[in-house]
Each structure stands twice: as structure tokens, then as C-alpha cells.
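What's in work_6.cif: mmCIF, C-alpha atoms and all ligand atoms
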```cif
data_target
loop_
_atom_site.label_atom_id
_atom_site.label_comp_id
_atom_site.auth_asym_id
_atom_site.auth_seq_id
_atom_site.Cartn_x
_atom_site.Cartn_y
_atom_site.Cartn_z
CA MET A 27 22.03 26.82 -16.26
CA THR A 28 21.54 28.10 -19.82
CA LEU A 29 18.26 27.84 -21.70
CA GLU A 30 19.75 25.13 -23.93
CA GLU A 31 20.82 23.07 -20.89
CA ALA A 32 17.39 23.53 -19.33
CA LYS A 33 15.71 22.34 -22.52
CA ALA A 34 17.92 19.25 -22.62
CA LYS A 35 17.06 18.39 -19.02
CA LEU A 36 13.32 19.01 -19.47
CA GLU A 37 13.23 16.97 -22.68
CA LYS A 38 14.99 14.08 -20.97
CA PHE A 39 12.32 14.01 -18.25
CA GLY A 40 9.36 14.88 -20.50
CA GLN A 41 8.72 18.22 -18.76
CA MET A 42 8.93 20.78 -21.60
CA GLN A 43 5.60 22.35 -20.51
CA VAL A 44 7.58 24.10 -17.76
CA LEU A 45 8.88 26.56 -20.42
CA LYS A 46 5.40 27.37 -21.77
CA TYR A 47 5.57 31.05 -20.73
CA TYR A 48 9.38 31.46 -20.84
CA ASP A 49 9.35 33.99 -23.67
CA GLU A 50 6.95 36.26 -21.74
CA LEU A 51 9.21 36.48 -18.68
CA ASP A 52 11.53 39.36 -17.80
CA ASP A 53 15.25 38.59 -17.45
CA ALA A 54 15.20 38.12 -13.67
CA SER A 55 12.26 35.69 -13.84
CA LYS A 56 13.93 33.79 -16.70
CA LYS A 57 17.06 33.35 -14.62
CA SER A 58 15.10 32.31 -11.55
CA LEU A 59 13.19 29.66 -13.53
CA LEU A 60 16.41 28.30 -15.05
CA ASP A 61 17.95 28.13 -11.55
CA GLN A 62 14.90 26.27 -10.28
CA ILE A 63 15.06 23.79 -13.18
CA ASP A 64 18.74 23.26 -12.44
CA ALA A 65 18.13 22.58 -8.73
CA THR A 66 15.12 20.29 -9.13
CA ASP A 67 15.37 16.50 -9.07
CA MET A 68 13.04 15.45 -11.91
CA SER A 69 13.73 11.74 -11.77
CA ILE A 70 11.14 11.02 -9.05
CA GLN A 71 8.13 12.22 -11.07
CA ALA A 72 8.40 9.20 -13.40
CA ASN A 73 6.98 7.18 -10.48
CA ALA A 74 3.57 8.80 -11.05
CA ALA A 75 2.98 6.22 -13.80
CA HIS A 76 3.08 3.32 -11.33
CA PRO A 77 2.68 4.55 -7.73
CA GLU A 78 1.64 1.07 -6.56
CA ASP A 79 5.13 -0.30 -7.39
CA LEU A 80 6.69 1.91 -4.74
CA VAL A 81 5.44 -0.17 -1.83
CA LYS A 82 7.19 -3.49 -1.53
CA ARG A 83 6.81 -4.89 1.95
CA GLY A 84 8.90 -7.57 3.62
CA ALA A 85 7.64 -10.24 6.05
CA ILE A 86 5.56 -8.59 8.78
CA THR A 87 5.61 -10.00 12.34
CA PRO A 88 4.47 -8.49 15.65
CA LEU A 89 6.68 -6.24 17.80
CA GLU A 90 5.92 -6.25 21.50
CA CYS A 91 4.96 -2.92 23.06
CA MET A 92 5.63 -1.61 26.52
CA GLU A 93 2.06 -1.26 27.74
CA ILE A 94 0.55 1.11 30.26
CA ALA A 95 0.50 -1.35 33.20
CA GLU A 96 4.26 -1.92 32.96
CA ILE A 97 4.95 1.78 32.39
CA GLU A 98 2.92 2.74 35.47
CA SER A 99 4.66 0.20 37.67
CA ARG A 100 8.10 1.56 36.68
CA ALA A 101 7.16 5.21 36.11
CA SER A 102 9.29 6.76 38.87
CA GLU A 103 12.40 4.82 37.83
CA PHE A 104 11.93 5.82 34.17
CA GLU A 105 11.12 9.40 35.07
CA LYS A 106 14.32 9.77 37.08
CA THR A 107 16.43 8.44 34.19
CA GLY A 108 14.61 10.74 31.76
CA LEU A 109 14.90 13.83 33.93
CA ASP A 110 18.62 13.19 34.46
CA ALA A 111 19.11 13.08 30.66
CA ILE A 112 17.04 16.26 30.21
CA LYS A 113 18.87 18.15 32.98
CA SER A 114 22.23 17.29 31.46
CA GLY A 115 21.17 18.65 28.06
CA LYS A 116 21.12 15.27 26.31
CA VAL A 117 17.57 15.64 24.98
CA ALA A 118 16.38 18.06 22.28
CA ALA A 119 12.88 18.56 20.91
CA LEU A 120 12.25 18.75 17.19
CA LEU A 121 9.01 20.17 15.85
CA LEU A 122 8.01 19.12 12.33
CA ALA A 123 6.27 22.21 11.01
CA GLY A 124 7.15 22.17 7.33
CA GLY A 125 3.81 20.74 6.14
CA MET A 126 1.25 22.73 4.20
CA GLY A 127 -1.78 21.69 6.26
CA THR A 128 -3.89 21.66 3.10
CA ARG A 129 -6.72 19.75 4.76
CA LEU A 130 -7.17 22.49 7.34
CA GLY A 131 -7.34 24.98 4.50
CA SER A 132 -5.67 28.00 6.13
CA ASP A 133 -2.97 29.95 4.28
CA ASP A 134 -1.02 30.51 7.50
CA PRO A 135 1.33 27.92 9.01
CA LYS A 136 -0.78 25.36 10.88
CA GLY A 137 0.83 26.25 14.21
CA MET A 138 -0.61 29.78 13.96
CA TYR A 139 -4.14 28.40 14.10
CA ASN A 140 -6.05 29.79 17.07
CA VAL A 141 -7.89 27.04 18.97
CA GLY A 142 -9.05 29.35 21.78
CA LYS A 143 -12.71 30.13 22.38
CA THR A 144 -12.64 32.94 24.96
CA ARG A 145 -8.99 33.85 24.50
CA ASN A 146 -6.21 33.41 21.95
CA LEU A 147 -4.55 30.01 22.19
CA TYR A 148 -2.45 29.10 19.17
CA ILE A 149 -1.34 25.57 18.29
CA PHE A 150 2.33 26.61 18.68
CA GLU A 151 1.45 28.02 22.10
CA CYS A 152 -0.16 24.73 23.21
CA LEU A 153 3.05 22.91 22.24
CA ILE A 154 5.32 25.35 24.05
CA ASN A 155 3.07 25.14 27.14
CA ASN A 156 3.39 21.34 27.06
CA LEU A 157 7.17 21.57 26.71
CA LYS A 158 7.41 24.10 29.56
CA LYS A 159 5.70 21.65 31.93
CA VAL A 160 8.71 19.36 31.48
CA THR A 161 11.40 22.03 31.56
CA ASP A 162 9.84 23.50 34.73
CA LYS A 163 9.97 20.09 36.36
CA ALA A 164 13.56 19.49 35.20
CA GLY A 165 14.65 23.02 36.14
CA ALA A 166 16.45 23.24 32.77
CA PHE A 167 15.55 24.32 29.25
CA ILE A 168 16.16 22.06 26.30
CA HIS A 169 16.96 22.99 22.71
CA LEU A 170 13.95 23.17 20.43
CA TYR A 171 14.54 22.75 16.69
CA ILE A 172 11.74 23.80 14.37
CA MET A 173 11.63 22.55 10.79
CA THR A 174 9.80 24.85 8.40
CA SER A 175 9.73 25.02 4.62
CA GLU A 176 10.32 27.71 2.04
CA LYS A 177 6.53 28.21 2.00
CA ASN A 178 6.03 28.98 5.67
CA ASN A 179 9.43 29.81 7.17
CA ASP A 180 9.15 33.61 7.26
CA ALA A 181 5.64 33.59 8.70
CA THR A 182 6.60 31.01 11.34
CA VAL A 183 9.76 32.79 12.48
CA ARG A 184 7.96 36.15 12.55
CA PHE A 185 5.12 34.72 14.60
CA PHE A 186 7.39 33.17 17.22
CA LYS A 187 9.34 36.44 17.54
CA GLU A 188 6.15 38.51 17.77
CA LYS A 189 4.83 36.25 20.53
CA ASN A 190 8.16 36.27 22.32
CA TYR A 191 8.45 32.48 21.86
CA PHE A 192 5.47 32.09 24.20
CA GLY A 193 7.81 32.53 27.15
CA TYR A 194 10.44 30.01 26.02
CA PRO A 195 14.01 31.40 25.81
CA GLY A 196 14.69 32.39 22.18
CA GLU A 197 18.32 31.28 22.34
CA TYR A 198 17.11 27.68 22.74
CA VAL A 199 14.99 27.83 19.58
CA HIS A 200 16.57 26.98 16.20
CA PHE A 201 14.71 27.17 12.87
CA PHE A 202 15.77 25.36 9.72
CA MET A 203 14.13 24.73 6.36
CA GLN A 204 13.41 21.42 4.67
CA SER A 205 13.75 20.75 0.95
CA MET A 206 11.02 21.04 -1.66
CA ALA A 207 9.88 18.71 -4.45
CA ALA A 208 8.07 19.57 -7.67
CA ALA A 209 4.35 18.71 -7.70
CA THR A 210 2.63 17.23 -10.74
CA ASP A 211 -0.64 16.27 -12.36
CA TYR A 212 -1.69 12.60 -12.40
CA GLU A 213 0.53 11.96 -15.44
CA GLY A 214 3.61 13.18 -13.60
CA LYS A 215 3.81 16.49 -15.50
CA ILE A 216 5.15 19.27 -13.27
CA TYR A 217 2.66 22.08 -12.68
CA LEU A 218 3.54 25.77 -12.81
CA GLU A 219 2.48 27.94 -9.87
CA GLU A 220 3.61 31.11 -11.64
CA LYS A 221 4.60 31.66 -15.24
CA GLY A 222 8.22 31.61 -14.13
CA ARG A 223 8.01 29.08 -11.29
CA MET A 224 7.30 25.36 -11.02
CA ALA A 225 4.80 24.29 -8.38
CA THR A 226 6.65 22.85 -5.43
CA SER A 227 5.69 21.48 -2.06
CA PRO A 228 7.69 20.40 0.99
CA ASN A 229 9.23 16.97 0.34
CA GLY A 230 7.73 15.24 3.38
CA ASN A 231 8.76 15.02 7.02
CA GLY A 232 11.27 12.17 6.44
CA GLY A 233 14.15 14.43 5.48
CA TRP A 234 14.26 16.31 8.77
CA PHE A 235 17.68 15.07 9.94
CA VAL A 236 19.31 15.54 6.53
CA SER A 237 17.85 19.06 6.39
CA LEU A 238 19.10 19.82 9.89
CA VAL A 239 22.59 18.69 8.87
CA ASN A 240 22.41 20.64 5.58
CA ALA A 241 21.44 23.74 7.56
CA GLY A 242 24.79 23.46 9.37
CA LEU A 243 23.27 22.67 12.76
CA LEU A 244 25.08 19.39 13.49
CA ASP A 245 28.13 21.04 15.06
CA GLY A 246 25.83 22.72 17.57
CA VAL A 247 24.15 19.38 18.29
CA HIS A 248 27.54 17.86 19.11
CA ALA A 249 28.73 20.91 21.03
CA ASN A 250 25.59 20.82 23.16
CA GLY A 251 25.94 17.08 23.80
CA ILE A 252 22.50 16.24 22.36
CA GLU A 253 22.10 12.47 22.38
CA TRP A 254 18.36 12.25 21.73
CA PHE A 255 15.85 14.00 19.49
CA ASN A 256 12.18 13.93 20.41
CA VAL A 257 10.53 14.46 17.02
CA PHE A 258 6.86 15.43 16.96
CA ALA A 259 4.11 16.77 14.71
CA VAL A 260 2.79 20.31 14.88
CA ASP A 261 -0.85 19.35 14.81
CA ASN A 262 -1.32 17.31 17.99
CA VAL A 263 -2.19 19.89 20.64
CA LEU A 264 -1.91 17.30 23.45
CA GLN A 265 1.58 16.35 22.31
CA GLN A 266 3.73 15.52 25.35
CA ILE A 267 7.21 16.73 24.48
CA ALA A 268 10.40 15.33 26.00
CA ASP A 269 8.22 13.23 28.28
CA PRO A 270 10.73 12.09 30.93
CA VAL A 271 9.04 8.69 31.44
CA PHE A 272 9.22 7.96 27.69
CA VAL A 273 12.84 9.15 27.51
CA GLY A 274 13.78 7.08 30.55
CA ALA A 275 12.06 3.94 29.24
CA THR A 276 13.80 4.18 25.84
CA ILE A 277 17.19 4.69 27.51
CA SER A 278 16.59 1.84 29.99
CA ARG A 279 15.65 -0.56 27.18
CA LYS A 280 18.78 0.48 25.27
CA CYS A 281 16.74 1.11 22.13
CA THR A 282 17.91 3.48 19.41
CA VAL A 283 14.41 4.78 18.82
CA GLY A 284 11.26 5.02 20.92
CA ALA A 285 7.80 5.44 19.37
CA LYS A 286 4.74 6.61 21.26
CA VAL A 287 1.77 4.47 20.31
CA VAL A 288 -1.91 4.22 21.19
CA LYS A 289 -4.15 1.18 21.25
CA LYS A 290 -6.12 1.15 18.02
CA ALA A 291 -9.77 2.13 18.37
CA ALA A 292 -10.79 -0.50 15.77
CA PRO A 293 -8.88 -3.07 13.69
CA ASP A 294 -9.32 -0.92 10.57
CA GLU A 295 -8.47 2.42 12.17
CA LYS A 296 -6.46 4.60 9.79
CA VAL A 297 -3.17 4.75 11.67
CA GLY A 298 0.27 3.36 10.90
CA VAL A 299 0.86 0.19 12.88
CA ILE A 300 4.11 -0.67 14.61
CA CYS A 301 5.59 -4.10 13.80
CA LEU A 302 8.70 -5.93 12.67
CA GLU A 303 9.42 -6.16 8.96
CA ASP A 304 12.03 -8.73 7.96
CA GLY A 305 13.04 -8.74 11.63
CA ARG A 306 13.61 -4.98 11.90
CA PRO A 307 11.31 -2.40 13.50
CA SER A 308 8.87 -0.92 11.03
CA ILE A 309 5.56 0.85 10.56
CA VAL A 310 2.96 -0.42 8.16
CA GLU A 311 0.56 2.20 6.87
CA TYR A 312 -3.11 1.33 7.35
CA TYR A 313 -3.64 0.95 3.59
CA ASP A 314 -0.90 -1.73 3.48
CA LEU A 315 -2.38 -3.71 6.37
CA THR A 316 -3.96 -6.82 4.87
CA GLU A 317 -7.18 -8.42 6.27
CA ASP A 318 -5.04 -11.27 7.65
CA LEU A 319 -2.75 -8.93 9.55
CA MET A 320 -5.68 -6.82 10.73
CA ASN A 321 -7.32 -9.87 12.31
CA ALA A 322 -4.19 -11.73 13.46
CA LYS A 323 -3.98 -12.53 17.20
CA ASN A 324 -0.93 -12.93 19.46
CA GLU A 325 -0.41 -15.72 22.01
CA LYS A 326 -2.43 -13.74 24.60
CA GLY A 327 -5.37 -13.71 22.19
CA ASP A 328 -5.09 -9.93 21.65
CA PRO A 329 -4.86 -8.39 18.19
CA ALA A 330 -1.22 -8.82 17.11
CA TYR A 331 -1.02 -5.43 15.33
CA ASN A 332 -2.92 -3.33 17.80
CA PHE A 333 -0.79 -0.24 18.32
CA GLY A 334 -0.78 2.83 16.09
CA VAL A 335 1.87 5.55 15.97
CA ILE A 336 1.04 9.18 16.84
CA LEU A 337 4.09 10.86 15.29
CA ASN A 338 6.09 11.23 18.48
CA TYR A 339 9.48 9.51 18.28
CA LEU A 340 12.69 9.62 20.28
CA PHE A 341 15.73 9.04 18.04
CA ALA A 342 19.29 8.45 19.29
CA THR A 343 21.61 10.93 17.58
CA GLU A 344 24.29 8.29 16.97
CA GLN A 345 21.72 6.14 15.15
CA LEU A 346 20.64 9.12 13.03
CA GLU A 347 24.21 9.78 12.02
CA ARG A 348 24.67 6.13 11.02
CA ILE A 349 21.59 6.14 8.78
CA LEU A 350 22.18 9.63 7.40
CA ASN A 351 23.03 8.48 3.89
CA GLY A 352 20.44 5.72 3.64
CA SER A 353 17.68 6.56 1.19
CA LEU A 354 14.05 6.48 2.28
CA PRO A 355 11.24 5.09 0.12
CA LEU A 356 9.27 7.58 -1.92
CA HIS A 357 5.56 8.15 -1.24
CA ILE A 358 3.27 9.63 -3.86
CA VAL A 359 0.45 11.51 -2.20
CA GLU A 360 -2.69 12.85 -3.82
CA LYS A 361 -3.19 16.51 -2.86
CA LYS A 362 -4.72 19.83 -3.83
CA ILE A 363 -2.01 21.71 -5.72
CA PRO A 364 -2.42 25.41 -6.55
CA CYS A 365 -1.35 25.79 -10.18
CA LEU A 366 -1.86 27.71 -13.42
CA ASP A 367 -4.70 26.52 -15.64
CA GLU A 368 -4.36 26.30 -19.41
CA ASN A 369 -5.02 30.03 -19.71
CA GLY A 370 -2.25 30.90 -17.28
CA ASN A 371 -4.57 31.82 -14.39
CA LEU A 372 -3.80 30.64 -10.85
CA ILE A 373 -6.33 28.16 -9.46
CA LYS A 374 -6.65 26.87 -5.90
CA PRO A 375 -8.42 23.54 -6.39
CA GLU A 376 -11.22 22.42 -4.06
CA SER A 377 -10.34 18.75 -4.50
CA PRO A 378 -7.08 16.88 -5.20
CA ASN A 379 -5.67 17.51 -8.67
CA GLY A 380 -2.33 15.72 -8.63
CA TYR A 381 0.60 14.31 -6.73
CA LYS A 382 3.18 15.45 -4.24
CA TYR A 383 6.34 13.41 -3.68
CA GLU A 384 7.38 12.77 -0.09
CA ASN A 385 9.68 10.89 2.24
CA LEU A 386 8.15 10.08 5.61
CA VAL A 387 9.62 10.02 9.09
CA LEU A 388 7.85 6.72 9.79
CA ASP A 389 10.15 5.02 7.27
CA MET A 390 13.14 6.05 9.38
CA ILE A 391 12.00 3.56 12.03
CA HIS A 392 12.86 0.68 9.69
CA GLN A 393 16.41 2.00 9.42
CA CYS A 394 16.85 1.89 13.20
CA ASP A 395 18.34 -1.14 14.94
CA SER A 396 15.91 -1.40 17.84
CA CYS A 397 12.63 0.28 18.70
CA LEU A 398 10.61 0.61 21.89
CA PRO A 399 6.89 1.08 21.18
CA PHE A 400 5.63 2.93 24.26
CA GLU A 401 1.89 2.97 24.94
CA VAL A 402 0.19 6.20 25.96
CA ILE A 403 -3.37 7.06 26.85
CA ARG A 404 -5.01 8.38 23.71
CA GLU A 405 -7.34 10.85 25.45
CA LYS A 406 -4.40 12.43 27.28
CA GLU A 407 -1.88 12.64 24.47
CA PHE A 408 -3.53 12.51 21.08
CA ALA A 409 -5.64 15.37 19.75
CA PRO A 410 -4.61 15.85 16.11
CA ILE A 411 -5.95 18.71 14.04
CA LYS A 412 -6.04 17.63 10.41
CA ASN A 413 -9.43 18.76 9.15
CA LYS A 414 -11.72 21.76 9.59
CA THR A 415 -14.59 19.67 10.94
CA GLY A 416 -15.40 16.07 11.88
CA VAL A 417 -12.71 13.49 12.67
CA ASP A 418 -9.36 14.89 13.84
CA SER A 419 -10.60 18.46 13.57
CA VAL A 420 -10.39 21.71 15.47
CA GLU A 421 -13.64 20.78 17.27
CA SER A 422 -12.49 17.31 18.34
CA ALA A 423 -9.15 18.70 19.54
CA GLN A 424 -10.85 21.51 21.47
CA ALA A 425 -13.05 18.97 23.26
CA LEU A 426 -9.99 16.92 24.22
CA LEU A 427 -8.09 20.00 25.41
CA GLU A 428 -11.02 20.93 27.65
CA LYS A 429 -11.22 17.36 28.96
CA ASN A 430 -7.58 17.72 29.97
CA GLY A 431 -8.25 20.92 31.88
CA VAL A 432 -7.00 23.45 29.33
CA ILE A 433 -9.06 26.64 29.42
CA LEU A 434 -10.03 27.72 25.94
P1 LIG A 501 0.74 15.75 7.56
O1 LIG A 501 0.99 14.39 7.09
O2 LIG A 501 -0.52 16.00 8.30
O3 LIG A 501 0.87 16.75 6.32
O4 LIG A 501 1.98 16.18 8.46
P2 LIG A 501 0.56 18.30 6.17
O5 LIG A 501 1.25 18.74 4.92
O6 LIG A 501 0.92 19.08 7.39
O7 LIG A 501 -1.03 18.39 6.04
P3 LIG A 501 -2.02 18.07 4.82
O8 LIG A 501 -1.88 16.61 4.55
O9 LIG A 501 -1.55 18.91 3.66
O10 LIG A 501 -3.36 18.47 5.34
C1 LIG A 501 2.33 15.56 9.68
C2 LIG A 501 3.43 16.40 10.32
O11 LIG A 501 4.58 16.43 9.48
C3 LIG A 501 4.92 17.78 9.15
C4 LIG A 501 3.64 18.56 9.35
O12 LIG A 501 3.95 19.94 9.55
C5 LIG A 501 3.04 17.85 10.55
O13 LIG A 501 3.67 18.27 11.73
N1 LIG A 501 5.40 17.82 7.77
C6 LIG A 501 4.66 17.27 6.76
C7 LIG A 501 6.60 18.44 7.52
O14 LIG A 501 7.27 18.96 8.45
N2 LIG A 501 7.04 18.48 6.22
C8 LIG A 501 6.35 17.96 5.20
O15 LIG A 501 6.81 18.04 4.05
C9 LIG A 501 5.13 17.33 5.47
#
```

So, in terms of C-alpha cells, how does the structure I just supplied come out?
Amino acid sequence: MTLEEAKAKLEKFGQMQVLKYYDELDDASKKSLLDQIDATDMSIQANAAHPEDLVKRGAITPLECMEIAEIESRASEFEKTGLDAIKSGKVAALLLAGGMGTRLGSDDPKGMYNVGKTRNLYIFECLINNLKKVTDKAGAFIHLYIMTSEKNNDATVRFFKEKNYFGYPGEYVHFFMQSMAAATDYEGKIYLEEKGRMATSPNGNGGWFVSLVNAGLLDGVHANGIEWFNVFAVDNVLQQIADPVFVGATISRKCTVGAKVVKKAAPDEKVGVICLEDGRPSIVEYYDLTEDLMNAKNEKGDPAYNFGVILNYLFATEQLERILNGSLPLHIVEKKIPCLDENGNLIKPESPNGYKYENLVLDMIHQCDSCLPFEVIREKEFAPIKNKTGVDSVESAQALLEKNGVIL
């Protein structure tokens, strides 16, 4: 893209501030900035003016969950079905590790965080250990896809290699990078992170399948006969991966997606709630859950919207391919964005200073034809690390790991 073309594009989207330092740049940096301007979608930032308009919900009704009593009574049947699928290579695991983990405040990828007390025990290691429990039982390895972003890919790949994949066979591990989106101030103006570079952040975890396809990995998925993807977040150290009972239950119910859920601790707990929206499976974020829905009861007298998702889903590959071109809603998220101040100095803000633009994996559920919400025991499967201290922190996750017999 030439400078004139870049100016035309930036003017159209009201982003001329991006060229503030252009004249100071050397030729290579000029070219790299023009390339970045060319490659960046600048239409989404206009939404910063009215973020509330982005959420338009349909009619919400309850979706029945498979609860623990039923799961326990059919566990061996489900486990057999799940293990058969795993042994025949039909199940892959997909780790979402492209996020920035800004709340934890470490510059390293979140998975490199050491949760050990008397020894080293990294978050990535906890996840691989959990996966190995299943592959040991099945007597077969499964493919593990790891989504990173431009910001943390090199460090993540290097770390896994250095640690010898924590004993998992390297040929079963596939890395790919997600896309980025420009980050802005509250007026939707794109920040600079260097004089010759716009501030960008990963564009949310919702684009994982598109990114996997764009990385050229779909042929391998077909060649390996992968029919299911167990997608999970990096930060839950009790994450049960490729859980055969969950896999078997989703297959037996003939659903195109399964979602692990936990009973909500309180009606106003801050978790996305599984439901139907206009008759299709969906997840309503806690901030969209009205008082009425929060207090609604089902025919058994239990809260009607009582199950929250824990970012562990099992997607059927054929469903993913059918929804591949469907667009996901945009979410505007307030975050801390490192950027240049008015004097051109880099600042790392202590509190949020603008917006990131994301698509979320939870919105993919609404694109699926049928969903099995599958209840799990919170204390055994849900120990998220989001913050340094307090709720969902390193300390709370360490306590839960110890409770589950993991030596720290
Ligand atoms: P979070 O919603 O906790 O976001 O991600 P985050 O960026 O990691 O953390 P904060 O909000 O900045 O503190 C939930 C899961 O989705 C992945 C994360 O790596 C985590 O596993 N994720 C998030 C991506 O893979 N890509 C993204 O763009 C965002």
C-alpha cells in the first residue's frame, strides 16, 4: 500500500493519528506500518461509539442439562463410547492460549506461569498431565492443537520444546496463530504501540476454527479422521481434557456440541449461562441476564438458568465446517492497552484505558444445531486463574489443586 492509499483509508475511518510519527520512521518501518494499515480491518472500531447496540438478544428459554445423577448412573456406558472414539483418533484437544492474560499481569504467556510451591509446576504442565491421564487410560495419544497469537507464539513454542512437551509426543502437538485486531481509546481511535506500529491485541477466542483452517491444518484434521474438537481455556488448571464420559454422553445424545457446565454458586454469579435463544442453544453472559431470568424457576422449582459454562466444549467437526462462514457478534471489551502517550513514550497502564475488539467462542454455541450441557463438579474441574489474588486467582487455584491431590 502506498502512503497516499494509506491516507485515504485512514481518513475514511477517522484514524489519521496513526501516521503521527510517519515522517520520523526509517524506510523499513514506514513500509511495515503501511503493510499493517493495509491488513487491518478498521470498520469494527466505529462500534466504540455505541457498544451497547452490539448486544441484541432473542427470546431466552431454559435448556435442560444432563445433571450429575444421570451422568453417574450411565458413566460406564458413556465412558466406553468416549474411549472408543478416542482410541480410534476421532477426538482432538484444542487449547486456547492466544489471550494476553492482562489481569494476571505477567509478560509471559499465561501457561508458563508456575503454580508450584515446592517444585516447578507450570499451568501448561498441569494441562498436559490432565490430558495424559486420559491418553494413558485409552492407550492412545490424541492430537493437541494449541492456538497462540503473534504476541506469545514464539515464547509458547520455545517453552514447550524446552520442556520436551512435558512428556507428550511432539508430533501430536500442532501450534497455530490467531488473528489480531487494532485496539483503541474510548473514542475508537487506534492507539500506537510503537511509532511505526498500531497497538493490536488478539481478536478473541471465537475465531479459533477459522484460524486453524487459515493455518492450513484442515487437511490434517480430515486425514487423521478427527470428528470432535475438545476446546478448552488455558487458565483452568483442573481442566479435564477429552473426558471420555463427556465425549461419550455428547455422542450418545447425538448433539453437535457439548458444553461442560457447573451449578451456579449464586443467582448473580458472573458466569455465562446456558439456555435456548429463539429455540437454538445459546449462552447469555451474566451482564445480559435480567433480574427476571435470574430468578425464574423451572417446573421442578429449581432456578431455570442455573448452569454456567466453564469454557470446555466439544464441537463436532462437521458442524464447525458448516458454520465456518457464519459471522460471530463483536464484543467490545475494556482493557489495559500498552500504548504511546502524547509525547511518544510507551506506557503500560495500571487500569483500563480503552477497548479491544473480540469474537468469543461462546457465541459459536448459538450457531450449533443441538447442544448437550453436561454438569461437572466444580471443585473437581474448575480452578481458573484470572487474577493475581482473590477470586479466581493463583491462590484459589493452588488450594483447589491441593484438594484434588496434586502436590505443589
Ligand atoms: P480470557 O477471557 O480470560 O482472556 O480468555 P485473556 O486475554 O486470556 O485474559 P485477560 O482478560 O486479558 O486477563 C479465556 C481463554 O481464551 C483464550 C485465553 O488464552 C484463555 O484460554 N483467548 C482469549 C484466546 O485464545 N484468544 C483471545 O484473543 C482471547

Given all atoms listed in the file as the counted atoms, nearest of A:Gly230, A:Pro270, A:Gly214, A:Gly246 to ligand LIG 501 (chain A) | A:Gly230

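The nearest approach to Ile94 (chain A) among the residues A:Gly40, A:Pro293, A:Gly416, A:Pro399, with only C-alpha atoms taken into account, belongs to A:Pro399.
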
Pairwise distance for CA of Leu315 (chain A) and CA of Asp294 (chain A), rounded to one decimal in Å |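 A separation of 8.6 Å between them.
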
Using all atoms listed in the file, what are the residues with an atom within 8 Å of ligand LIG 501 (chain A), set out as a ChimeraX atom specification?
-> /A:121-131,136,173-175,204,206,227-232,234,258-261,337,361,384-386,412-413

Please write the residues from the selection above to a file, keeping C-alpha atoms, as a tab-separated table (two decimals), keeping the file's coordinate frame.
```
chain	number	residue	atom	x	y	z
A	121	LEU	CA	9.01	20.17	15.85
A	122	LEU	CA	8.01	19.12	12.33
A	123	ALA	CA	6.27	22.21	11.01
A	124	GLY	CA	7.15	22.17	7.33
A	125	GLY	CA	3.81	20.74	6.14
A	126	MET	CA	1.25	22.73	4.20
A	127	GLY	CA	-1.78	21.69	6.26
A	128	THR	CA	-3.89	21.66	3.10
A	129	ARG	CA	-6.72	19.75	4.76
A	130	LEU	CA	-7.17	22.49	7.34
A	131	GLY	CA	-7.34	24.98	4.50
A	136	LYS	CA	-0.78	25.36	10.88
A	173	MET	CA	11.63	22.55	10.79
A	174	THR	CA	9.80	24.85	8.40
A	175	SER	CA	9.73	25.02	4.62
A	204	GLN	CA	13.41	21.42	4.67
A	206	MET	CA	11.02	21.04	-1.66
A	227	SER	CA	5.69	21.48	-2.06
A	228	PRO	CA	7.69	20.40	0.99
A	229	ASN	CA	9.23	16.97	0.34
A	230	GLY	CA	7.73	15.24	3.38
A	231	ASN	CA	8.76	15.02	7.02
A	232	GLY	CA	11.27	12.17	6.44
A	234	TRP	CA	14.26	16.31	8.77
A	258	PHE	CA	6.86	15.43	16.96
A	259	ALA	CA	4.11	16.77	14.71
A	260	VAL	CA	2.79	20.31	14.88
A	261	ASP	CA	-0.85	19.35	14.81
A	337	LEU	CA	4.09	10.86	15.29
A	361	LYS	CA	-3.19	16.51	-2.86
A	384	GLU	CA	7.38	12.77	-0.09
A	385	ASN	CA	9.68	10.89	2.24
A	386	LEU	CA	8.15	10.08	5.61
A	412	LYS	CA	-6.04	17.63	10.41
A	413	ASN	CA	-9.43	18.76	9.15
```

Go through A:Gly165, A:Gly222, A:Pro88, A:Gly108 and flag the residue nearest Leu45 (chain A), using all atoms listed in the file for the distances.
->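 The answer is A:Gly222, which sits nearest to Leu45 (chain A).
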
Which residues come within 9 Å of Asn332 (chain A), counting only C-alpha atoms, excluding same-chain residues fewer than 5 positions away, as JSON, numbers by chain?
-> {"A": [288, 289, 290, 291, 292, 293, 299, 300, 320]}

For CA of Glu78 (chain A) and CA of Glu213 (chain A), the interatomic separation in Å (one decimal) =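 One can read the CA of Glu78 (chain A) to CA of Glu213 (chain A) distance as 14.1 Å.
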
One decimal place gives the CA of Met27 (chain A)-CA of Gly352 (chain A) separation as 29.0 Å

Using all atoms listed in the file, pick whichever of A:Ile411, A:Ile172, A:Ala164, A:Met390 has the shortest atom-to-atom distance to Lys106 (chain A).
-> A:Ala164

Neighbour list for Ser114 (chain A) as a list in words, cut-off 10 Å, all atoms listed in the file, skip fewer than 2 positions in-chain =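 My list of contacting residues is Leu109, Asp110, Ala111, Ile112, Lys116, Val117, Ala164, Ala166, Phe167, Ile168, Asn250, Gly251 and Ile252 of chain A.
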
With only C-alpha atoms as the atoms that count, which of A:Thr107, A:Asn321, A:Gln41, A:Ser99 lies nearest to Arg279 (chain A)?
->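 Going through A:Thr107, A:Asn321, A:Gln41, A:Ser99 one by one, the smallest distance to Arg279 (chain A) is for A:Thr107.
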
Looking at A:Ser308, A:Ser69, A:Thr182, A:Ser205, which one is nearest to Ala241 (chain A), with distances taken over only C-alpha atoms?
-> A:Ser205

In file coordinates, which residues lie within 12 Å of (7.4, 32.4, 27.6) using all atoms listed in the file, given as a list of chain:residue names?
->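 Here the neighbourhood of the point contains A:Phe150, A:Glu151, A:Cys152, A:Leu153, A:Ile154, A:Asn155, A:Asn156, A:Leu157, A:Lys158, A:Lys159, A:Thr161, A:Asp162, A:Phe167, A:Phe186, A:Lys187, A:Glu188, A:Lys189, A:Asn190, A:Tyr191, A:Phe192, A:Gly193, A:Tyr194, A:Pro195, A:Gly196, A:Tyr198, A:Val199.
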
Do you know which residues are at most 9 Å from Tyr381 (chain A) counting all atoms listed in the file, after dropping those on the same chain fewer than 6 positions away, and could you put them as a compact mmCIF listing (two decimals) with C-alpha atoms, keeping the file's coordinate frame?
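Below you can see out-v1.txt, which holds the result:
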```
# COMPACT_ATOMS: atom_id res chain seq x y z
CA GLN A 71 8.13 12.22 -11.07
CA ALA A 74 3.57 8.80 -11.05
CA ALA A 209 4.35 18.71 -7.70
CA THR A 210 2.63 17.23 -10.74
CA ASP A 211 -0.64 16.27 -12.36
CA TYR A 212 -1.69 12.60 -12.40
CA GLY A 214 3.61 13.18 -13.60
CA ILE A 358 3.27 9.63 -3.86
CA VAL A 359 0.45 11.51 -2.20
CA GLU A 360 -2.69 12.85 -3.82
CA LYS A 361 -3.19 16.51 -2.86
CA LYS A 362 -4.72 19.83 -3.83
CA ILE A 363 -2.01 21.71 -5.72
```
